[in-house]
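Novice: So I've got this file, start_1.tsv, and it contains TSV, C-alpha atoms and all ligand atoms:
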```
chain	number	residue	atom	x	y	z
A	1	MET	CA	-27.88	39.69	-49.49
A	2	SER	CA	-30.66	38.82	-47.02
A	3	GLU	CA	-34.19	39.16	-48.22
A	4	SER	CA	-36.38	41.50	-46.15
A	5	ILE	CA	-39.84	40.13	-45.35
A	6	LEU	CA	-40.91	42.95	-43.08
A	7	SER	CA	-39.70	46.52	-42.92
A	8	LEU	CA	-40.95	49.51	-40.95
A	9	GLN	CA	-39.23	52.87	-41.16
A	10	ASN	CA	-39.88	55.67	-38.72
A	11	ALA	CA	-43.32	54.22	-38.14
A	12	GLN	CA	-45.80	55.45	-35.57
A	13	ILE	CA	-48.27	52.97	-34.15
A	14	PHE	CA	-51.62	54.34	-33.05
A	15	GLN	CA	-54.64	52.98	-31.18
A	16	ARG	CA	-57.27	55.41	-32.41
A	17	GLU	CA	-55.84	58.85	-31.62
A	18	ASN	CA	-53.37	57.51	-29.01
A	19	LEU	CA	-49.76	57.23	-30.10
A	20	VAL	CA	-48.53	53.87	-28.74
A	21	LEU	CA	-45.09	53.58	-30.37
A	22	SER	CA	-42.98	56.04	-32.34
A	23	HIS	CA	-39.67	55.96	-34.25
A	24	VAL	CA	-40.26	52.30	-35.03
A	25	ASN	CA	-37.54	50.97	-37.30
A	26	LEU	CA	-37.71	47.27	-37.83
A	27	THR	CA	-36.44	44.88	-40.45
A	28	ILE	CA	-37.00	41.14	-40.41
A	29	ASN	CA	-35.20	39.03	-42.97
A	30	LYS	CA	-36.28	35.72	-44.40
A	31	GLY	CA	-35.47	32.88	-42.03
A	32	GLU	CA	-35.19	34.95	-38.83
A	33	PHE	CA	-36.89	34.18	-35.51
A	34	VAL	CA	-37.50	37.39	-33.59
A	35	TYR	CA	-39.08	37.95	-30.18
A	36	LEU	CA	-41.09	41.04	-29.37
A	37	ILE	CA	-41.14	41.71	-25.65
A	38	GLY	CA	-42.35	44.47	-23.35
A	39	LYS	CA	-44.58	45.07	-20.36
A	40	THR	CA	-48.31	44.80	-20.58
A	41	GLY	CA	-49.71	47.78	-22.46
A	42	SER	CA	-46.33	48.63	-24.03
A	43	GLY	CA	-47.62	48.16	-27.58
A	44	LYS	CA	-46.75	44.62	-28.70
A	45	SER	CA	-50.25	43.72	-29.83
A	46	SER	CA	-50.74	47.13	-31.43
A	47	LEU	CA	-47.59	46.62	-33.47
A	48	MET	CA	-48.72	43.12	-34.47
A	49	LYS	CA	-52.17	44.44	-35.43
A	50	THR	CA	-50.56	47.06	-37.65
A	51	LEU	CA	-48.58	44.30	-39.35
A	52	TYR	CA	-51.65	42.22	-40.19
A	53	GLY	CA	-53.76	45.16	-41.26
A	54	ASP	CA	-56.03	45.44	-38.23
A	55	LEU	CA	-54.66	48.92	-37.47
A	56	THR	CA	-53.71	51.40	-40.19
A	57	LEU	CA	-50.12	52.54	-40.58
A	58	GLU	CA	-50.68	56.27	-40.64
A	59	LYS	CA	-47.16	57.58	-40.15
A	60	GLY	CA	-43.87	56.27	-41.48
A	61	THR	CA	-43.42	53.61	-44.12
A	62	GLY	CA	-43.93	49.88	-43.97
A	63	SER	CA	-43.96	46.80	-46.12
A	64	ILE	CA	-44.68	43.19	-45.23
A	65	VAL	CA	-44.57	40.04	-47.39
A	66	GLY	CA	-44.71	42.22	-50.51
A	67	PHE	CA	-47.60	44.44	-49.36
A	68	ASN	CA	-47.20	48.18	-48.83
A	69	LEU	CA	-48.77	48.96	-45.43
A	70	ASN	CA	-49.18	52.63	-46.35
A	71	THR	CA	-51.41	51.95	-49.32
A	72	LEU	CA	-53.07	48.74	-48.09
A	73	LYS	CA	-56.74	48.68	-49.10
A	74	GLU	CA	-59.47	46.96	-47.10
A	75	LYS	CA	-60.03	44.46	-49.91
A	76	GLU	CA	-56.34	43.52	-49.95
A	77	ILE	CA	-56.29	42.52	-46.27
A	78	PRO	CA	-57.51	38.91	-46.85
A	79	PHE	CA	-54.71	38.47	-49.41
A	80	LEU	CA	-52.14	39.87	-46.98
A	81	ARG	CA	-53.38	37.48	-44.29
A	82	ARG	CA	-53.05	34.53	-46.65
A	83	LYS	CA	-49.33	35.23	-46.82
A	84	LEU	CA	-49.14	35.52	-43.03
A	85	GLY	CA	-49.73	32.78	-40.49
A	86	ILE	CA	-51.28	34.38	-37.43
A	87	VAL	CA	-51.32	32.66	-34.04
A	88	PHE	CA	-53.13	34.17	-31.05
A	89	GLN	CA	-52.96	33.60	-27.31
A	90	ASP	CA	-56.52	32.27	-27.19
A	91	PHE	CA	-56.24	29.81	-30.14
A	92	LYS	CA	-59.47	31.00	-31.81
A	93	LEU	CA	-60.58	27.55	-32.97
A	94	LEU	CA	-64.19	27.00	-34.05
A	95	ASN	CA	-65.75	24.97	-31.25
A	96	ASP	CA	-68.64	23.61	-33.32
A	97	ARG	CA	-66.47	21.42	-35.54
A	98	ASN	CA	-63.57	19.00	-35.22
A	99	VAL	CA	-59.90	19.66	-35.90
A	100	PHE	CA	-60.06	18.46	-39.50
A	101	GLU	CA	-63.10	20.64	-40.24
A	102	ASN	CA	-61.46	23.65	-38.54
A	103	LEU	CA	-58.55	23.39	-40.95
A	104	LYS	CA	-60.74	22.60	-43.97
A	105	PHE	CA	-62.82	25.69	-43.22
A	106	VAL	CA	-59.70	27.87	-43.63
A	107	LEU	CA	-58.64	26.13	-46.83
A	108	LYS	CA	-62.09	26.52	-48.38
A	109	ALA	CA	-62.23	30.18	-47.31
A	110	THR	CA	-58.92	30.75	-49.07
A	111	GLY	CA	-60.00	29.20	-52.35
A	112	TRP	CA	-59.09	25.52	-52.08
A	113	LYS	CA	-61.59	23.21	-53.83
A	114	ASP	CA	-60.08	19.75	-54.36
A	115	ALA	CA	-61.05	17.51	-51.40
A	116	ALA	CA	-58.10	15.13	-51.81
A	117	LYS	CA	-55.58	17.99	-51.94
A	118	MET	CA	-57.19	19.59	-48.88
A	119	LYS	CA	-56.93	16.32	-46.96
A	120	THR	CA	-53.25	15.90	-47.89
A	121	LYS	CA	-52.49	19.47	-46.83
A	122	ILE	CA	-54.37	19.14	-43.55
A	123	MET	CA	-52.57	15.92	-42.62
A	124	GLU	CA	-49.24	17.51	-43.62
A	125	VAL	CA	-49.67	20.50	-41.28
A	126	LEU	CA	-51.03	18.32	-38.47
A	127	ALA	CA	-47.93	16.12	-38.78
A	128	LYS	CA	-45.73	19.22	-38.48
A	129	VAL	CA	-47.20	19.96	-35.04
A	130	GLY	CA	-47.37	16.30	-33.93
A	131	MET	CA	-51.20	16.17	-34.03
A	132	GLU	CA	-51.85	13.88	-36.98
A	133	THR	CA	-53.84	11.44	-34.83
A	134	LYS	CA	-56.15	14.13	-33.42
A	135	ASP	CA	-57.90	15.21	-36.61
A	136	PHE	CA	-61.31	13.87	-35.46
A	137	LYS	CA	-61.24	15.56	-32.03
A	138	MET	CA	-63.38	18.51	-31.12
A	139	PRO	CA	-61.40	21.52	-29.82
A	140	PHE	CA	-62.90	21.17	-26.32
A	141	GLN	CA	-61.57	17.59	-26.17
A	142	LEU	CA	-58.01	18.91	-26.45
A	143	SER	CA	-55.68	20.41	-23.85
A	144	GLY	CA	-54.61	24.04	-24.18
A	145	GLY	CA	-51.24	23.01	-25.59
A	146	GLU	CA	-52.91	20.71	-28.14
A	147	GLN	CA	-55.33	23.47	-29.16
A	148	GLN	CA	-52.40	25.82	-29.70
A	149	ARG	CA	-50.66	23.18	-31.84
A	150	ILE	CA	-53.80	23.02	-33.99
A	151	ALA	CA	-53.82	26.82	-34.22
A	152	ILE	CA	-50.18	26.69	-35.37
A	153	ALA	CA	-51.08	24.00	-37.92
A	154	ARG	CA	-53.88	26.27	-39.16
A	155	ALA	CA	-51.37	29.12	-39.54
A	156	LEU	CA	-49.21	26.88	-41.76
A	157	LEU	CA	-52.00	25.89	-44.19
A	158	ASN	CA	-51.22	28.44	-46.88
A	159	ASP	CA	-47.41	28.19	-46.59
A	160	PRO	CA	-47.04	31.68	-45.10
A	161	ASP	CA	-43.97	33.81	-45.76
A	162	LEU	CA	-44.11	35.08	-42.18
A	163	ILE	CA	-45.72	33.77	-38.98
A	164	LEU	CA	-46.93	36.38	-36.49
A	165	ALA	CA	-47.49	34.81	-33.08
A	166	ASP	CA	-49.02	37.10	-30.44
A	167	GLU	CA	-48.39	35.62	-26.97
A	168	PRO	CA	-48.81	32.03	-28.27
A	169	THR	CA	-47.90	30.58	-24.87
A	170	GLY	CA	-49.82	33.17	-22.82
A	171	ASN	CA	-52.55	30.70	-21.78
A	172	LEU	CA	-50.27	27.71	-21.22
A	173	ASP	CA	-48.42	26.35	-18.19
A	174	PRO	CA	-44.59	26.50	-18.27
A	175	ALA	CA	-44.03	22.88	-19.41
A	176	THR	CA	-46.66	23.13	-22.17
A	177	SER	CA	-45.20	26.49	-23.22
A	178	VAL	CA	-41.83	24.80	-23.76
A	179	ASP	CA	-43.52	22.08	-25.87
A	180	VAL	CA	-45.29	24.66	-28.05
A	181	MET	CA	-42.09	26.66	-28.32
A	182	LYS	CA	-40.26	23.53	-29.54
A	183	VAL	CA	-42.91	23.20	-32.27
A	184	LEU	CA	-42.38	26.83	-33.30
A	185	LYS	CA	-38.59	26.36	-33.31
A	186	GLU	CA	-38.91	23.24	-35.49
A	187	ILE	CA	-41.05	25.24	-37.91
A	188	HIS	CA	-38.42	27.97	-37.86
A	189	ASN	CA	-35.67	25.42	-38.49
A	190	SER	CA	-37.61	24.19	-41.52
A	191	GLY	CA	-37.10	27.66	-43.04
A	192	LYS	CA	-40.02	29.78	-41.80
A	193	THR	CA	-39.70	33.35	-40.55
A	194	ILE	CA	-41.37	34.04	-37.21
A	195	LEU	CA	-42.12	37.15	-35.14
A	196	MET	CA	-43.36	36.20	-31.69
A	197	ALA	CA	-44.68	38.60	-29.06
A	198	THR	CA	-44.22	37.27	-25.54
A	199	HIS	CA	-43.60	38.30	-21.98
A	200	ASP	CA	-42.39	34.83	-21.05
A	201	TYR	CA	-38.76	35.63	-20.28
A	202	ALA	CA	-38.06	32.05	-19.18
A	203	LEU	CA	-38.77	30.93	-22.76
A	204	ILE	CA	-36.46	33.58	-24.19
A	205	LEU	CA	-33.66	32.41	-21.94
A	206	LYS	CA	-34.27	28.78	-22.90
A	207	PHE	CA	-34.53	29.53	-26.64
A	208	PRO	CA	-32.43	32.67	-27.17
A	209	CYS	CA	-33.04	34.63	-30.40
A	210	LYS	CA	-32.95	38.20	-31.60
A	211	THR	CA	-35.15	40.21	-29.23
A	212	LEU	CA	-36.92	43.53	-29.71
A	213	LYS	CA	-38.44	45.40	-26.80
A	214	CYS	CA	-41.31	47.89	-26.62
A	215	GLU	CA	-40.59	50.35	-23.83
A	216	GLY	CA	-41.30	54.00	-23.19
A	217	GLY	CA	-43.19	54.31	-26.46
A	218	GLU	CA	-40.29	53.05	-28.59
A	219	LEU	CA	-38.95	49.80	-30.00
A	220	PHE	CA	-35.33	48.74	-29.74
A	221	GLU	CA	-33.21	45.63	-29.90
A	222	VAL	CA	-31.97	44.20	-26.61
A	223	VAL	CA	-28.78	42.27	-26.04
A	224	GLN	CA	-29.41	38.70	-24.90
A	225	GLN	CA	-28.27	38.84	-21.31
A	226	LYS	CA	-30.22	37.76	-18.27
A	227	SER	CA	-30.16	41.28	-16.82
A	228	SER	CA	-31.43	42.95	-19.99
A	229	VAL	CA	-34.50	40.87	-20.79
A	301	LIG	N1	-58.82	48.99	-28.89
A	301	LIG	C1	-58.09	49.93	-28.26
A	301	LIG	N2	-58.51	51.23	-28.23
A	301	LIG	C2	-57.77	52.17	-27.62
A	301	LIG	N3	-56.61	51.92	-26.98
A	301	LIG	C3	-56.15	50.66	-26.96
A	301	LIG	C4	-56.87	49.59	-27.60
A	301	LIG	N4	-56.18	48.45	-27.42
A	301	LIG	C5	-55.08	48.78	-26.72
A	301	LIG	N5	-55.06	50.09	-26.43
A	301	LIG	C6	-53.99	50.83	-25.70
A	301	LIG	O1	-52.80	50.79	-26.47
A	301	LIG	C7	-51.67	50.60	-25.62
A	301	LIG	C8	-50.87	49.39	-26.09
A	301	LIG	O2	-51.67	48.21	-25.91
A	301	LIG	P1	-51.24	46.81	-26.51
A	301	LIG	O3	-52.41	45.90	-26.38
A	301	LIG	O4	-50.62	47.00	-27.83
A	301	LIG	O5	-50.10	46.39	-25.47
A	301	LIG	P2	-49.38	44.99	-25.27
A	301	LIG	O6	-47.92	45.29	-25.09
A	301	LIG	O7	-49.75	44.06	-26.35
A	301	LIG	O8	-49.99	44.50	-23.90
A	301	LIG	P3	-50.31	42.99	-23.40
A	301	LIG	O9	-48.99	42.37	-23.10
A	301	LIG	O10	-51.13	43.25	-22.18
A	301	LIG	O11	-51.08	42.31	-24.49
A	301	LIG	C9	-52.20	50.49	-24.20
A	301	LIG	O12	-52.09	51.75	-23.59
A	301	LIG	C10	-53.64	50.12	-24.40
A	301	LIG	O13	-54.42	50.62	-23.34
```
As structure tokens, how would this structure be written, given the file I've shared?
Specialist:
Amino acid sequence: MSESILSLQNAQIFQRENLVLSHVNLTINKGEFVYLIGKTGSGKSSLMKTLYGDLTLEKGTGSIVGFNLNTLKEKEIPFLRRKLGIVFQDFKLLNDRNVFENLKFVLKATGWKDAAKMKTKIMEVLAKVGMETKDFKMPFQLSGGEQQRIAIARALLNDPDLILADEPTGNLDPATSVDVMKVLKEIHNSGKTILMATHDYALILKFPCKTLKCEGGELFEVVQQKSSV
């Protein structure tokens, strides 16, 4: 039987007092790659934020990477995020330090102490995104696509059970988006589970996968046909 990594049942997603999505039923099994699509303002980011503990799940039930979203305490959120790799549209790299130090910062913040082990891990994740020769570069010396690769490498540091990518190609041109998508697909092929919010339909057509759509305040699966995505 497939192992569920993420499950929401009859969930309601709120932004403050505003109901953004209702009747959300969603299961993601280990090893899946799932797109989350929908127009701007349809609730993709709100759903993602609920999954990484930035918004509270107030109605319905939910569990993710072994955490119960209904009973999640503030102090548990860092532990939840260690089991998630989160990738954002705007990379969120620290501009005052180089690539290596950006990654080391995350390892130290998550309890790593041994310098040699940290170096091995950093070079391992950089190799996975094809950036092993850029460890000494400052973020502003990198292109947008390269910065996103580093952000993906950062998301891999703690061997996450699930990667949540919120519009990871949103700031990239079409060719660079395809390159970054290839990196994400390689990571998926190596056994990782990925949920990716996007409104880049060209990418979905090029790399078809299970697709969920936020529309009219609800979430449903769409069939992979040009007319339906
Ligand atoms: N911090 C906030 N406070 C109150 N309402 C918010 C907040 N952030 C988003 N919203 C509202 O929640 C709804 C869903 O927004 P959300 O950002 O989840 O959409 P989205 O599908 O991710 O859009 P986009 O593709 O533009 O990122 C919108 O109506 C938005 O105005």
Novice: Do you know which residues are within 6 Å of ligand LIG 301 (chain A) using all atoms listed in the file? Can you write them as a ChimeraX atom specification?
Specialist: /A:15-16,20,38-46
Novice: Nearest to Lys137 in chain A among A:Arg149, A:Arg97, A:Arg154, A:Lys192, with distances taken over all atoms listed in the file: which residue is it?
Specialist: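 Distance minimum relative to Lys137 in chain A lands on A:Arg97.
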Novice: Restricting the calculation to all atoms listed in the file, which member of A:Gln148, A:Asn10, A:Thr56, A:Thr193 is positioned closest to Met181 in chain A?
Specialist: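 Checking each candidate against Met181 in chain A, we get A:Gln148 as the closest.
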Novice: Any chance you could tabulate, as a Markdown table, the residues of range 20-54 of chain A at most 10 Å from range 62-76 of chain A with each one's nearest atom pair and distance in Å to one decimal, using only C-alpha atoms, in chain and rising number order?
Specialist:
```
| residue | atom | partner | partner_atom | distance |
| --- | --- | --- | --- | --- |
| A:Val24 | CA | A:Gly62 | CA | 10.0 |
| A:Asn25 | CA | A:Gly62 | CA | 9.3 |
| A:Leu26 | CA | A:Gly62 | CA | 9.1 |
| A:Thr27 | CA | A:Ser63 | CA | 9.6 |
| A:Ile28 | CA | A:Ile64 | CA | 9.3 |
| A:Lys30 | CA | A:Val65 | CA | 9.8 |
| A:Thr50 | CA | A:Leu69 | CA | 8.2 |
| A:Leu51 | CA | A:Ile64 | CA | 7.1 |
| A:Tyr52 | CA | A:Ile64 | CA | 8.7 |
| A:Gly53 | CA | A:Leu69 | CA | 7.5 |
| A:Asp54 | CA | A:Glu74 | CA | 9.6 |
```
Novice: I'd like the interatomic distance between CA of Ser177 in chain A and CA of Thr133 in chain A, to a tenth of an Å.
Specialist: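 Interatomic distance, CA of Ser177 in chain A to CA of Thr133 in chain A: 20.9 Å.
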Novice: Compile the contact shell of Leu19 in chain A as a list in words: residues with an atom at most 12 Å away, counting all atoms listed in the file, same-chain residues fewer than 2 positions apart removed.
Specialist: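 Residues meeting the cut-off are Ala11, Gln12, Ile13, Phe14, Gln15, Arg16, Glu17, Leu21, Ser22, His23, Val24, Ser42, Gly43, Ser46, Leu47, Leu57, Glu58, Lys59, Gly216, Gly217 and Glu218 of chain A.
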Novice: Please produce an output containing C-alpha atoms for each residue in the selection, written as a PDB file, keeping the file's coordinate frame.
Specialist:
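Done, and the output landed in selection.pdb:
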```pdb
ATOM      1  CA  ALA A  11     -43.320  54.220 -38.140  1.00  0.00           C
ATOM      2  CA  GLN A  12     -45.800  55.450 -35.570  1.00  0.00           C
ATOM      3  CA  ILE A  13     -48.270  52.970 -34.150  1.00  0.00           C
ATOM      4  CA  PHE A  14     -51.620  54.340 -33.050  1.00  0.00           C
ATOM      5  CA  GLN A  15     -54.640  52.980 -31.180  1.00  0.00           C
ATOM      6  CA  ARG A  16     -57.270  55.410 -32.410  1.00  0.00           C
ATOM      7  CA  GLU A  17     -55.840  58.850 -31.620  1.00  0.00           C
ATOM      8  CA  LEU A  21     -45.090  53.580 -30.370  1.00  0.00           C
ATOM      9  CA  SER A  22     -42.980  56.040 -32.340  1.00  0.00           C
ATOM     10  CA  HIS A  23     -39.670  55.960 -34.250  1.00  0.00           C
ATOM     11  CA  VAL A  24     -40.260  52.300 -35.030  1.00  0.00           C
ATOM     12  CA  SER A  42     -46.330  48.630 -24.030  1.00  0.00           C
ATOM     13  CA  GLY A  43     -47.620  48.160 -27.580  1.00  0.00           C
ATOM     14  CA  SER A  46     -50.740  47.130 -31.430  1.00  0.00           C
ATOM     15  CA  LEU A  47     -47.590  46.620 -33.470  1.00  0.00           C
ATOM     16  CA  LEU A  57     -50.120  52.540 -40.580  1.00  0.00           C
ATOM     17  CA  GLU A  58     -50.680  56.270 -40.640  1.00  0.00           C
ATOM     18  CA  LYS A  59     -47.160  57.580 -40.150  1.00  0.00           C
ATOM     19  CA  GLY A 216     -41.300  54.000 -23.190  1.00  0.00           C
ATOM     20  CA  GLY A 217     -43.190  54.310 -26.460  1.00  0.00           C
ATOM     21  CA  GLU A 218     -40.290  53.050 -28.590  1.00  0.00           C
TER      22      GLU A 218
END
```
Novice: What does the distance between CA of Leu156 in chain A and CA of Asn95 in chain A come to in Å, to one decimal place?
Specialist: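 Calculated distance between CA of Leu156 in chain A and CA of Asn95 in chain A is 19.7 Å.
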Novice: Using only C-alpha atoms, list the residues that have an atom at most 7 Å from (-39.3, 34.8, -35.1), coordinates as in the file, as a short mmCIF file (atom, residue, chain, number, x, y, z; two decimals) with C-alpha atoms, in the frame of the given file.
Specialist:
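Once everything was written out, this is out-v3.cif:
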```cif
data_model
loop_
_atom_site.label_atom_id
_atom_site.label_comp_id
_atom_site.auth_asym_id
_atom_site.auth_seq_id
_atom_site.Cartn_x
_atom_site.Cartn_y
_atom_site.Cartn_z
CA GLU A 32 -35.19 34.95 -38.83
CA PHE A 33 -36.89 34.18 -35.51
CA VAL A 34 -37.50 37.39 -33.59
CA TYR A 35 -39.08 37.95 -30.18
CA THR A 193 -39.70 33.35 -40.55
CA ILE A 194 -41.37 34.04 -37.21
CA LEU A 195 -42.12 37.15 -35.14
CA MET A 196 -43.36 36.20 -31.69
#
```
Novice: What does the structure give for the distance between CA of Ala115 in chain A and CA of Arg82 in chain A, in Å to one decimal?
Specialist: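 Going from CA of Ala115 in chain A over to CA of Arg82 in chain A covers 19.4 Å.
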Novice: Show which residues sit within 12 Å of Asn171 in chain A, as a list in words. Count only C-alpha atoms, and ignore same-chain residues fewer than 6 positions away.
Specialist: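 Selected residues are Phe88, Gln89, Asp90, Phe91, Ser143, Gly144, Gly145, Glu146, Gln147, Gln148, Ser177, Val180, Thr198, His199 and Asp200 of chain A.
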Novice: Under the rule that all atoms listed in the file are counted, which of A:Ile37, A:Leu8, A:Leu126, A:Leu94 is the nearest residue to Glu215 in chain A?
Specialist: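 Counting all atoms listed in the file, the residue closest to Glu215 in chain A is A:Ile37.
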Novice: Step by step: start from the point (-50.0, 35.7, -34.9) in the file's coordinates, keep every protein, DNA or RNA residue that has an atom no farther than 6 Å from it, count all atoms listed in the file, and write the set as number ranges by chain.
Specialist: A: 86-88, 164-166
Novice: Would you place a box with edges along x, y and z of the file around all atoms of range 174-179 of chain A listed there, add 5 Å to each of its six sides, and report the centre and edge lengths in Å to one decimal, as lines of an AutoDock Vina configuration file?
Specialist:
```
center_x = -44.2
center_y = 24.3
center_z = -22.1
size_x = 14.8
size_y = 14.4
size_z = 17.6
```
Novice: List the neighbours of Asp135 in chain A out to 9 Å using only C-alpha atoms; skip same-chain residues closer than 2 positions along the sequence, and give me the result as a ChimeraX atom specification.
Specialist: /A:98-101,122-123,126,131-133,137-138
Novice: Any chance you could export the current selection's C-alpha atoms as an mmCIF file, keeping the file's coordinate frame?
Specialist:
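This went into again27.cif:
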```cif
data_model
loop_
_atom_site.group_PDB
_atom_site.id
_atom_site.type_symbol
_atom_site.label_atom_id
_atom_site.label_comp_id
_atom_site.auth_asym_id
_atom_site.auth_seq_id
_atom_site.Cartn_x
_atom_site.Cartn_y
_atom_site.Cartn_z
ATOM 1 C CA ASN A 98 -63.570 19.000 -35.220
ATOM 2 C CA VAL A 99 -59.900 19.660 -35.900
ATOM 3 C CA PHE A 100 -60.060 18.460 -39.500
ATOM 4 C CA GLU A 101 -63.100 20.640 -40.240
ATOM 5 C CA ILE A 122 -54.370 19.140 -43.550
ATOM 6 C CA MET A 123 -52.570 15.920 -42.620
ATOM 7 C CA LEU A 126 -51.030 18.320 -38.470
ATOM 8 C CA MET A 131 -51.200 16.170 -34.030
ATOM 9 C CA GLU A 132 -51.850 13.880 -36.980
ATOM 10 C CA THR A 133 -53.840 11.440 -34.830
ATOM 11 C CA LYS A 137 -61.240 15.560 -32.030
ATOM 12 C CA MET A 138 -63.380 18.510 -31.120
#
```
Novice: Write out as a ChimeraX atom specification each polymer residue whose atoms come within 10 Å of Lys121 in chain A, counting all atoms listed in the file; drop sequence neighbours fewer than 3 positions from it.
Specialist: /A:103-104,107,115-118,124-127,156-158
